[in-house]
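For reference, upload.tsv is printed below; it contains TSV, C-alpha atoms.
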chain	number	residue	atom	x	y	z
A	866	MET	CA	0.00	0.00	0.00
A	867	ARG	CA	2.82	2.42	0.83
A	868	LEU	CA	4.25	1.86	-2.66
A	869	LEU	CA	0.86	2.80	-4.09
A	870	PHE	CA	0.83	6.08	-2.15
A	871	LEU	CA	4.43	6.80	-3.13
A	872	PHE	CA	3.68	6.07	-6.78
A	873	SER	CA	0.58	8.27	-6.58
A	874	TYR	CA	2.63	11.13	-5.14
A	875	ILE	CA	5.24	10.86	-7.90
A	876	ALA	CA	2.60	10.55	-10.63
A	877	ILE	CA	0.77	13.68	-9.40
A	878	LEU	CA	3.93	15.78	-9.50
A	879	VAL	CA	4.95	14.39	-12.89
A	880	LEU	CA	1.57	15.48	-14.24
A	881	ALA	CA	1.86	18.87	-12.54
A	882	PHE	CA	5.24	19.72	-14.02
A	883	ASN	CA	5.10	17.80	-17.31
A	884	GLN	CA	6.09	19.55	-20.53
A	885	PHE	CA	4.84	16.92	-22.95
A	886	ASP	CA	3.62	18.18	-26.32
A	887	ASN	CA	0.18	16.71	-25.87
A	888	TYR	CA	-3.32	18.11	-25.48
A	889	LEU	CA	-4.37	16.25	-22.34
A	890	PHE	CA	-0.99	16.59	-20.65
A	891	ASP	CA	-1.04	20.35	-21.30
A	892	LEU	CA	-4.49	20.65	-19.70
A	893	ALA	CA	-3.21	18.68	-16.71
A	894	ALA	CA	-0.16	20.95	-16.38
A	895	ALA	CA	-2.45	24.01	-16.38
A	896	LEU	CA	-3.92	22.63	-13.15
A	897	ARG	CA	-0.49	22.50	-11.52
A	898	GLY	CA	-1.64	24.31	-8.39
A	899	VAL	CA	-4.53	21.88	-7.82
A	900	LEU	CA	-2.25	18.90	-8.39
A	901	ILE	CA	0.38	20.16	-5.96
A	902	VAL	CA	-2.29	20.57	-3.30
A	903	CYS	CA	-3.55	17.04	-4.08
A	904	SER	CA	-0.03	15.70	-3.50
A	905	PHE	CA	-0.49	16.33	0.23
A	906	VAL	CA	-2.98	13.44	0.40
A	907	PRO	CA	-0.68	10.49	-0.46
A	908	ALA	CA	2.19	12.17	1.42
A	909	PHE	CA	0.03	12.37	4.53
A	910	PHE	CA	-1.14	8.74	4.35
A	911	LEU	CA	2.48	7.59	4.14
A	912	LEU	CA	2.77	8.61	7.81
A	913	TRP	CA	1.37	5.18	8.75
A	914	TRP	CA	4.30	3.39	7.11
A	915	ASN	CA	7.27	5.73	6.94
A	916	LYS	CA	7.17	8.88	9.03
A	917	LYS	CA	10.49	10.27	7.80
A	918	LEU	CA	9.59	9.81	4.13
A	919	SER	CA	6.12	11.25	4.68
A	920	LEU	CA	7.43	14.38	6.40
A	921	SER	CA	10.01	14.84	3.65
A	922	LEU	CA	7.33	14.67	0.96
A	923	LEU	CA	5.06	17.03	2.90
A	924	ALA	CA	7.94	19.52	3.17
A	925	LEU	CA	8.53	19.20	-0.58
A	926	SER	CA	4.85	19.85	-1.31
A	927	ILE	CA	4.87	22.91	0.95
A	928	GLY	CA	7.90	24.24	-0.90
A	929	LEU	CA	6.22	23.64	-4.26
A	930	VAL	CA	3.07	25.46	-3.09
A	931	LEU	CA	5.15	28.48	-2.09
A	932	PHE	CA	7.05	28.33	-5.38
A	933	HIS	CA	3.97	27.96	-7.56
A	934	PHE	CA	1.62	30.45	-5.95
A	935	LYS	CA	4.28	33.16	-5.66
A	936	PRO	CA	3.13	34.86	-2.44
A	937	TYR	CA	5.53	37.69	-3.20
A	938	SER	CA	5.32	40.57	-5.65
A	939	ALA	CA	7.99	42.36	-7.65
A	940	ASP	CA	5.46	45.08	-8.39
A	941	THR	CA	6.09	48.63	-7.25
A	942	GLU	CA	3.65	51.49	-6.96
A	943	ALA	CA	4.84	54.22	-9.27
A	944	ASN	CA	3.73	57.76	-8.56
A	945	ASN	CA	4.23	59.14	-12.04
A	946	THR	CA	3.12	56.62	-14.63
A	947	ASP	CA	2.67	57.37	-18.31
A	948	ILE	CA	-0.20	55.15	-19.47
A	949	LYS	CA	-2.95	53.41	-17.49
A	950	ILE	CA	-4.51	50.34	-19.11
A	951	ALA	CA	-7.41	48.03	-18.27
A	952	GLN	CA	-8.34	44.87	-20.15
A	953	VAL	CA	-11.18	42.42	-19.65
A	954	ASN	CA	-12.86	39.46	-21.29
A	955	LEU	CA	-16.51	40.50	-21.16
A	956	GLN	CA	-18.14	37.22	-22.17
A	957	TYR	CA	-20.26	37.76	-25.27
A	958	SER	CA	-23.57	37.81	-23.40
A	959	ASN	CA	-22.51	40.42	-20.83
A	960	PRO	CA	-25.36	42.95	-20.40
A	961	ASN	CA	-23.21	45.39	-18.38
A	962	LEU	CA	-21.04	46.81	-21.18
A	963	SER	CA	-22.06	50.45	-20.66
A	964	GLN	CA	-21.40	50.31	-16.93
A	965	ILE	CA	-18.06	48.54	-17.40
A	966	ILE	CA	-16.87	51.25	-19.81
A	967	LYS	CA	-18.08	54.00	-17.50
A	968	THR	CA	-16.50	52.49	-14.40
A	969	HIS	CA	-13.19	51.31	-15.81
A	970	PHE	CA	-12.50	53.85	-18.54
A	971	VAL	CA	-14.26	57.13	-17.88
A	972	GLU	CA	-14.48	57.29	-14.08
A	973	LYS	CA	-11.18	55.57	-13.31
A	974	GLN	CA	-9.47	57.67	-15.98
A	975	ASN	CA	-7.67	54.81	-17.69
A	976	ASP	CA	-6.00	55.80	-20.94
A	977	ILE	CA	-6.75	52.55	-22.77
A	978	LEU	CA	-9.52	49.99	-22.28
A	979	VAL	CA	-9.26	46.69	-24.17
A	980	LEU	CA	-12.40	44.57	-24.44
A	981	PHE	CA	-12.41	40.92	-25.48
A	982	GLU	CA	-15.46	38.89	-26.52
A	983	PHE	CA	-17.31	42.04	-27.55
A	984	ASN	CA	-20.83	41.29	-28.76
A	985	ASP	CA	-21.45	43.07	-32.07
A	986	THR	CA	-25.14	43.52	-31.18
A	987	GLN	CA	-23.97	46.09	-28.60
A	988	ARG	CA	-22.18	48.27	-31.14
A	989	HIS	CA	-24.59	51.14	-30.39
A	990	VAL	CA	-22.95	51.51	-26.95
A	991	LEU	CA	-19.85	52.76	-28.77
A	992	ASP	CA	-21.67	55.49	-30.74
A	993	THR	CA	-20.98	58.31	-28.28
A	994	LEU	CA	-17.53	57.00	-27.39
A	995	ASN	CA	-16.51	57.03	-31.04
A	996	THR	CA	-16.98	60.81	-31.16
A	997	GLN	CA	-15.13	61.45	-27.89
A	998	TYR	CA	-12.26	58.98	-28.01
A	999	HIS	CA	-10.24	56.84	-30.40
A	1000	VAL	CA	-12.04	53.54	-30.92
A	1001	PHE	CA	-10.76	50.50	-32.77
A	1002	GLY	CA	-13.34	47.94	-33.92
A	1003	TYR	CA	-16.23	50.38	-34.26
A	1004	ALA	CA	-15.92	50.94	-38.00
A	1005	GLU	CA	-17.71	48.41	-40.20
A	1006	VAL	CA	-14.49	47.69	-42.09
A	1007	GLU	CA	-12.89	46.61	-38.79
A	1008	GLY	CA	-15.93	44.96	-37.22
A	1009	ALA	CA	-14.45	44.01	-33.81
A	1010	PRO	CA	-12.01	41.42	-35.23
A	1011	PHE	CA	-11.71	38.34	-33.00
A	1012	GLY	CA	-14.18	40.08	-30.66
A	1013	ILE	CA	-11.64	42.80	-29.79
A	1014	ILE	CA	-12.53	46.45	-29.14
A	1015	VAL	CA	-10.00	49.07	-28.02
A	1016	ILE	CA	-11.07	52.45	-26.59
A	1017	SER	CA	-8.28	54.97	-26.15
A	1018	LYS	CA	-7.71	58.55	-25.05
A	1019	LEU	CA	-4.41	58.38	-26.90
A	1020	PRO	CA	-4.30	58.71	-30.69
A	1021	ILE	CA	-4.22	55.37	-32.52
A	1022	VAL	CA	-1.89	56.19	-35.40
A	1023	GLN	CA	-1.56	52.75	-36.99
A	1024	LYS	CA	-3.98	49.85	-37.27
A	1025	GLN	CA	-3.48	46.38	-38.67
A	1026	ILE	CA	-5.48	43.16	-38.53
A	1027	LYS	CA	-3.50	39.97	-39.10
A	1028	ARG	CA	-5.43	36.83	-40.03
A	1029	PHE	CA	-4.10	33.37	-40.84
A	1030	ASP	CA	-5.24	29.79	-41.28
A	1031	ASN	CA	-8.88	30.84	-41.07
A	1032	PRO	CA	-10.66	34.21	-40.69
A	1033	LYS	CA	-11.34	33.62	-37.00
A	1034	LEU	CA	-7.68	33.29	-36.09
A	1035	GLY	CA	-5.27	36.19	-35.81
A	1036	TYR	CA	-4.43	39.27	-33.80
A	1037	VAL	CA	-4.64	43.06	-33.87
A	1038	LYS	CA	-1.70	45.48	-34.12
A	1039	LEU	CA	-2.19	49.06	-32.97
A	1040	SER	CA	0.25	51.90	-32.36
A	1041	PHE	CA	-0.55	54.56	-29.77
A	1042	LEU	CA	1.15	57.96	-29.61
A	1043	TYR	CA	2.07	59.30	-26.20
A	1044	ASN	CA	4.24	62.45	-25.88
A	1045	ASN	CA	6.10	61.65	-29.09
A	1046	VAL	CA	6.65	58.06	-27.93
A	1047	MET	CA	5.11	55.27	-30.02
A	1048	LEU	CA	3.70	52.29	-28.14
A	1049	ASN	CA	3.42	49.42	-30.61
A	1050	SER	CA	0.84	46.95	-29.35
A	1051	VAL	CA	-0.52	43.50	-30.13
A	1052	PHE	CA	-3.90	42.34	-28.81
A	1053	LEU	CA	-4.94	38.71	-29.03
A	1054	HIS	CA	-7.63	36.31	-27.90
A	1055	PRO	CA	-6.87	32.78	-29.15
A	1056	PRO	CA	-9.50	30.03	-28.82
A	1057	SER	CA	-10.14	28.36	-25.49
A	1058	PRO	CA	-8.67	24.81	-25.63
A	1059	ARG	CA	-11.98	23.01	-25.13
A	1060	THR	CA	-11.09	20.50	-27.86
A	1061	GLN	CA	-7.82	19.29	-29.32
A	1062	SER	CA	-8.52	21.24	-32.52
A	1063	LEU	CA	-9.09	24.48	-30.62
A	1064	TRP	CA	-5.99	23.74	-28.53
A	1065	SER	CA	-3.93	23.52	-31.72
A	1066	GLN	CA	-5.44	26.79	-32.96
A	1067	ARG	CA	-4.62	28.49	-29.66
A	1068	ASN	CA	-1.02	27.33	-29.89
A	1069	LEU	CA	-0.81	28.60	-33.48
A	1070	VAL	CA	-1.95	32.10	-32.48
A	1071	LEU	CA	0.47	32.22	-29.54
A	1072	SER	CA	3.32	31.02	-31.77
A	1073	GLU	CA	2.61	33.66	-34.42
A	1074	VAL	CA	2.44	36.44	-31.84
A	1075	ALA	CA	5.75	35.26	-30.37
A	1076	LYS	CA	7.26	35.68	-33.85
A	1077	GLU	CA	5.62	39.10	-34.19
A	1078	ILE	CA	7.20	40.28	-30.94
A	1079	LYS	CA	10.67	39.77	-32.43
A	1080	ASN	CA	9.77	42.27	-35.15
A	1081	LEU	CA	8.26	44.93	-32.90
A	1082	LYS	CA	10.31	48.12	-32.77
A	1083	GLY	CA	10.81	50.49	-29.85
A	1084	SER	CA	8.42	50.32	-26.89
A	1085	TRP	CA	5.79	47.62	-27.15
A	1086	LEU	CA	2.90	45.97	-25.34
A	1087	VAL	CA	1.25	42.58	-25.87
A	1088	ALA	CA	-2.07	42.03	-24.09
A	1089	GLY	CA	-4.88	39.55	-24.18
A	1090	ASP	CA	-6.76	36.58	-22.89
A	1091	PHE	CA	-4.07	34.03	-23.80
A	1092	ASN	CA	-6.22	31.08	-22.69
A	1093	THR	CA	-3.14	29.53	-21.17
A	1094	VAL	CA	-1.11	29.81	-17.99
A	1095	PRO	CA	2.40	31.34	-17.64
A	1096	TRP	CA	4.03	27.99	-16.83
A	1097	SER	CA	2.76	26.34	-20.03
A	1098	GLN	CA	5.37	25.55	-22.67
A	1099	TYR	CA	3.09	27.33	-25.18
A	1100	PHE	CA	3.05	30.61	-23.25
A	1101	ILE	CA	4.80	33.60	-24.83
A	1102	ASN	CA	7.80	33.87	-22.54
A	1103	ASN	CA	8.90	37.39	-21.67
A	1104	GLN	CA	10.78	38.69	-18.65
A	1105	SER	CA	8.51	41.73	-18.14
A	1106	SER	CA	4.92	40.59	-17.67
A	1107	CYS	CA	1.93	41.33	-15.47
A	1108	PHE	CA	2.27	37.91	-13.86
A	1109	ASN	CA	5.94	38.37	-12.97
A	1110	SER	CA	5.25	41.87	-11.65
A	1111	ALA	CA	2.20	41.09	-9.53
A	1112	GLY	CA	2.93	37.62	-8.25
A	1113	PHE	CA	0.30	34.90	-8.58
A	1114	TYR	CA	-3.16	36.19	-9.48
A	1115	THR	CA	-6.25	34.48	-10.82
A	1116	SER	CA	-8.20	36.06	-13.65
A	1117	TRP	CA	-10.60	33.20	-14.49
A	1118	SER	CA	-12.50	30.46	-12.71
A	1119	LEU	CA	-15.68	28.50	-13.33
A	1120	LYS	CA	-17.34	30.74	-10.75
A	1121	ASN	CA	-15.85	34.23	-10.51
A	1122	GLN	CA	-17.00	34.49	-6.89
A	1123	ILE	CA	-14.57	31.75	-5.83
A	1124	SER	CA	-11.60	32.86	-7.93
A	1125	ASP	CA	-10.04	34.61	-4.94
A	1126	PHE	CA	-9.13	31.11	-3.78
A	1127	LYS	CA	-5.97	30.80	-5.82
A	1128	VAL	CA	-6.22	27.02	-6.08
A	1129	LEU	CA	-9.60	27.32	-7.84
A	1130	GLY	CA	-8.66	29.94	-10.46
A	1131	LEU	CA	-6.19	30.33	-13.31
A	1132	PRO	CA	-4.12	33.28	-14.57
A	1133	ILE	CA	-4.97	33.31	-18.28
A	1134	ASP	CA	-5.26	37.08	-18.90
A	1135	HIS	CA	-1.86	38.64	-19.46
A	1136	CYS	CA	0.26	41.57	-20.49
A	1137	LEU	CA	3.87	41.60	-21.73
A	1138	VAL	CA	6.04	44.68	-22.28
A	1139	SER	CA	9.42	45.52	-23.79
A	1140	GLU	CA	12.51	46.03	-21.62
A	1141	ASP	CA	12.25	49.82	-21.75
A	1142	VAL	CA	8.74	49.80	-20.26
A	1143	SER	CA	8.16	49.40	-16.52
A	1144	LEU	CA	5.02	47.80	-15.12
A	1145	SER	CA	3.41	48.97	-11.89
A	1146	ASN	CA	0.14	48.79	-9.94
A	1147	VAL	CA	-0.81	45.46	-11.52
A	1148	ASP	CA	-4.11	44.27	-10.09
A	1149	VAL	CA	-7.28	42.34	-10.91
A	1150	SER	CA	-10.87	43.18	-9.98
A	1151	PHE	CA	-14.32	41.64	-10.40
A	1152	VAL	CA	-16.49	42.58	-13.37
A	1153	ASP	CA	-20.24	42.03	-13.39
A	1154	GLY	CA	-21.46	39.52	-15.94
A	1155	SER	CA	-18.12	37.88	-16.70
A	1156	ASP	CA	-16.25	34.82	-15.47
A	1157	HIS	CA	-13.02	36.80	-16.00
A	1158	LYS	CA	-11.57	39.51	-13.81
A	1159	LEU	CA	-10.43	42.83	-15.20
A	1160	LEU	CA	-6.64	43.17	-15.37
A	1161	HIS	CA	-5.32	46.66	-14.64
A	1162	TYR	CA	-1.74	47.92	-14.94
A	1163	GLU	CA	0.27	51.07	-15.56
A	1164	LEU	CA	3.20	51.66	-17.90
A	1165	THR	CA	6.18	53.95	-17.45
A	1166	PHE	CA	8.65	54.57	-20.27
A	1167	SER	CA	12.34	54.68	-19.56
A	1168	LYS	CA	13.77	58.17	-19.84
A	1169	HIS	CA	16.59	58.33	-22.34

Is it possible to give me this structure as structure tokens?
Amino acid sequence: MRLLFLFSYIAILVLAFNQFDNYLFDLAAALRGVLIVCSFVPAFFLLWWNKKLSLSLLALSIGLVLFHFKPYSADTEANNTDIKIAQVNLQYSNPNLSQIIKTHFVEKQNDILVLFEFNDTQRHVLDTLNTQYHVFGYAEVEGAPFGIIVISKLPIVQKQIKRFDNPKLGYVKLSFLYNNVMLNSVFLHPPSPRTQSLWSQRNLVLSEVAKEIKNLKGSWLVAGDFNTVPWSQYFINNQSSCFNSAGFYTSWSLKNQISDFKVLGLPIDHCLVSEDVSLSNVDVSFVDGSDHKLLHYELTFSKH
């Protein structure tokens, strides 16, 4: 029996930290936090047979919990930031679009609000905004590509929609002008990996954006609902990210009300920035009508 518990412990951690190029193994690895917590069970039951081994495994699991859930933060609160940004996956059926824009763009004085899973039937909500601000996705020729809408107080001086493989896959490139500094940005929302086909499509989008980053000039930002976690081998690795700055946060769970329990939520909404851009005040907050939290952060450009 003790061999069974020991094997179970090892198998759980292998699943948690696996990097196999496989659909089911990738989904298992996304639940790394849950699996690490589950590893306490066989480690505890080993107390009946081998106390020293059991305590060693429990200590290892505690260390892995602290490592995985990052109870620390590298984030700093900057007093003089340049650009304030909020991004949120609305869910297509969200009836609270007007209030979300008012609360998180107008009243909180964010400079850029990025909306994912925008429902085109709510285009009329953007009518007034389009005359007051710079809006991407409002024009019929743009048509909220990939469900993405961007509302900005900063001029959007360049726009590009990149599609590949099929019309529903791609990303948006926008350039914002701030005090003679160009912020080149990529916004993406790849498919949720509910099936192996969608998983492959998600990985394709992430791979193409990773290639795009290498071609971005000057200061840049990449933001979106990546539909994957930072420890996945398919994640777009970058030293400066919201996740690295804020420590472990959850931006999605089956029930948003329980996502404050870190074990029950996943960080799948992300931002990445270039080396000359500093991130600060990274935080998440609840949004009515969505199973995602809003991700907020502030950018500061290096002074040359």

Which residues are close to Leu1081 in chain A, i.e. within 10 Å by all atoms listed in the file, leaving aside same-chain residues fewer than 3 positions away? Reply as an MDAnalysis selection string.
chainID A and resid 1048:1051 1076:1078 1084:1086 1139

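As for CA of Leu900 in chain A and CA of Lys916 in chain A, they are spaced 22.2 Å apart.
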
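Selecting by distance to (0.6, -0.4, 2.2) with a limit of 9 Å and using all atoms listed in the file, one obtains Met866, Arg867, Leu868, Leu869, Phe870, Leu911, Trp913 and Trp914 of chain A.
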
What would the file look like if the residues just selected were written as a compact mmCIF listing (two decimals), in the coordinates of the input with C-alpha atoms?
# COMPACT_ATOMS: atom_id res chain seq x y z
CA MET A 866 0.00 0.00 0.00
CA ARG A 867 2.82 2.42 0.83
CA LEU A 868 4.25 1.86 -2.66
CA LEU A 869 0.86 2.80 -4.09
CA PHE A 870 0.83 6.08 -2.15
CA LEU A 911 2.48 7.59 4.14
CA TRP A 913 1.37 5.18 8.75
CA TRP A 914 4.30 3.39 7.11

Excluding range 1087-1102 of chain A and residues on its chain fewer than 2 positions from it, collect all residues at most 9 Å away from it, counting only C-alpha atoms, and give them as JSON, numbers by chain.
{"A": [882, 884, 885, 886, 891, 894, 895, 897, 952, 953, 954, 979, 981, 1049, 1050, 1051, 1052, 1053, 1054, 1055, 1056, 1057, 1058, 1067, 1068, 1071, 1072, 1074, 1075, 1078, 1085, 1104, 1106, 1108, 1131, 1132, 1133, 1134, 1135, 1136, 1137, 1138, 1139]}

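Of the listed residues (A:Phe909, A:Tyr874, A:Phe1166, A:Phe890), A:Phe1166 comes nearest to Asn1044 in chain A; the distances count only C-alpha atoms.
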
Computed gap from CA of His1157 in chain A to CA of Asn883 in chain A is 26.3 Å

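Distances from A:Asp1141, A:Asp1030, A:Asp1156, A:Glu972 to Gly1083 in chain A were compared using all atoms listed in the file, and the smallest one belongs to A:Asp1141.
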
As a VMD selection string, please: the residues near Pro960 in chain A (cut-off 12 Å, all atoms listed in the file, same-chain neighbours under 5 positions excluded).
chain A and resid 955 965 to 966 983 to 984 986 to 987 990 1152 to 1155

Mind writing the picked residues with C-alpha atoms as a tab-separated table (two decimals), in the frame of the given file?
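Result file follows (result.tsv):
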chain	number	residue	atom	x	y	z
A	955	LEU	CA	-16.51	40.50	-21.16
A	965	ILE	CA	-18.06	48.54	-17.40
A	966	ILE	CA	-16.87	51.25	-19.81
A	983	PHE	CA	-17.31	42.04	-27.55
A	984	ASN	CA	-20.83	41.29	-28.76
A	986	THR	CA	-25.14	43.52	-31.18
A	987	GLN	CA	-23.97	46.09	-28.60
A	990	VAL	CA	-22.95	51.51	-26.95
A	1152	VAL	CA	-16.49	42.58	-13.37
A	1153	ASP	CA	-20.24	42.03	-13.39
A	1154	GLY	CA	-21.46	39.52	-15.94
A	1155	SER	CA	-18.12	37.88	-16.70

Out of A:Val1022, A:Ala1009, A:Leu920, A:Leu871, which residue has the shortest atom-to-atom distance to Pro907 in chain A when counting all atoms listed in the file?
A:Leu871

Choose the residue, out of A:Ser1040, A:Thr1060, A:Ser963, A:Ser1017, that has the smallest atom-to-atom separation from Ala951 in chain A; count only C-alpha atoms.
A:Ser1017

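Restricting the calculation to all atoms listed in the file, the smallest distance between Arg1059 in chain A and any of A:Ile1013, A:Ile1021, A:Leu892, A:Leu912 is found for A:Leu892.
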
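With CA of Phe1113 in chain A on one side and CA of Phe934 in chain A on the other, the separation reads 5.3 Å.
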
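Nearest-residue note for Val1037 in chain A: choosing from A:Asp947, A:Glu1163, A:Glu1140, A:Glu1073, the minimum distance belongs to A:Glu1073, counting all atoms listed in the file.
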
Do you know which residues lie at most 12 Å from (9.0, 19.3, -2.6), with coordinates as in the file and all atoms listed in the file counted, and could you write them as a PyMOL selection string?
chain A and resi 874-875+878+901-902+904-905+908+918-933

Extract, using all atoms listed in the file, all DNA, RNA and protein residues at most 8 Å from Leu1034 in chain A, discarding same-chain residues fewer than 4 positions from it, and format them as a ChimeraX atom specification.
/A:1011,1028-1030,1055,1066,1070
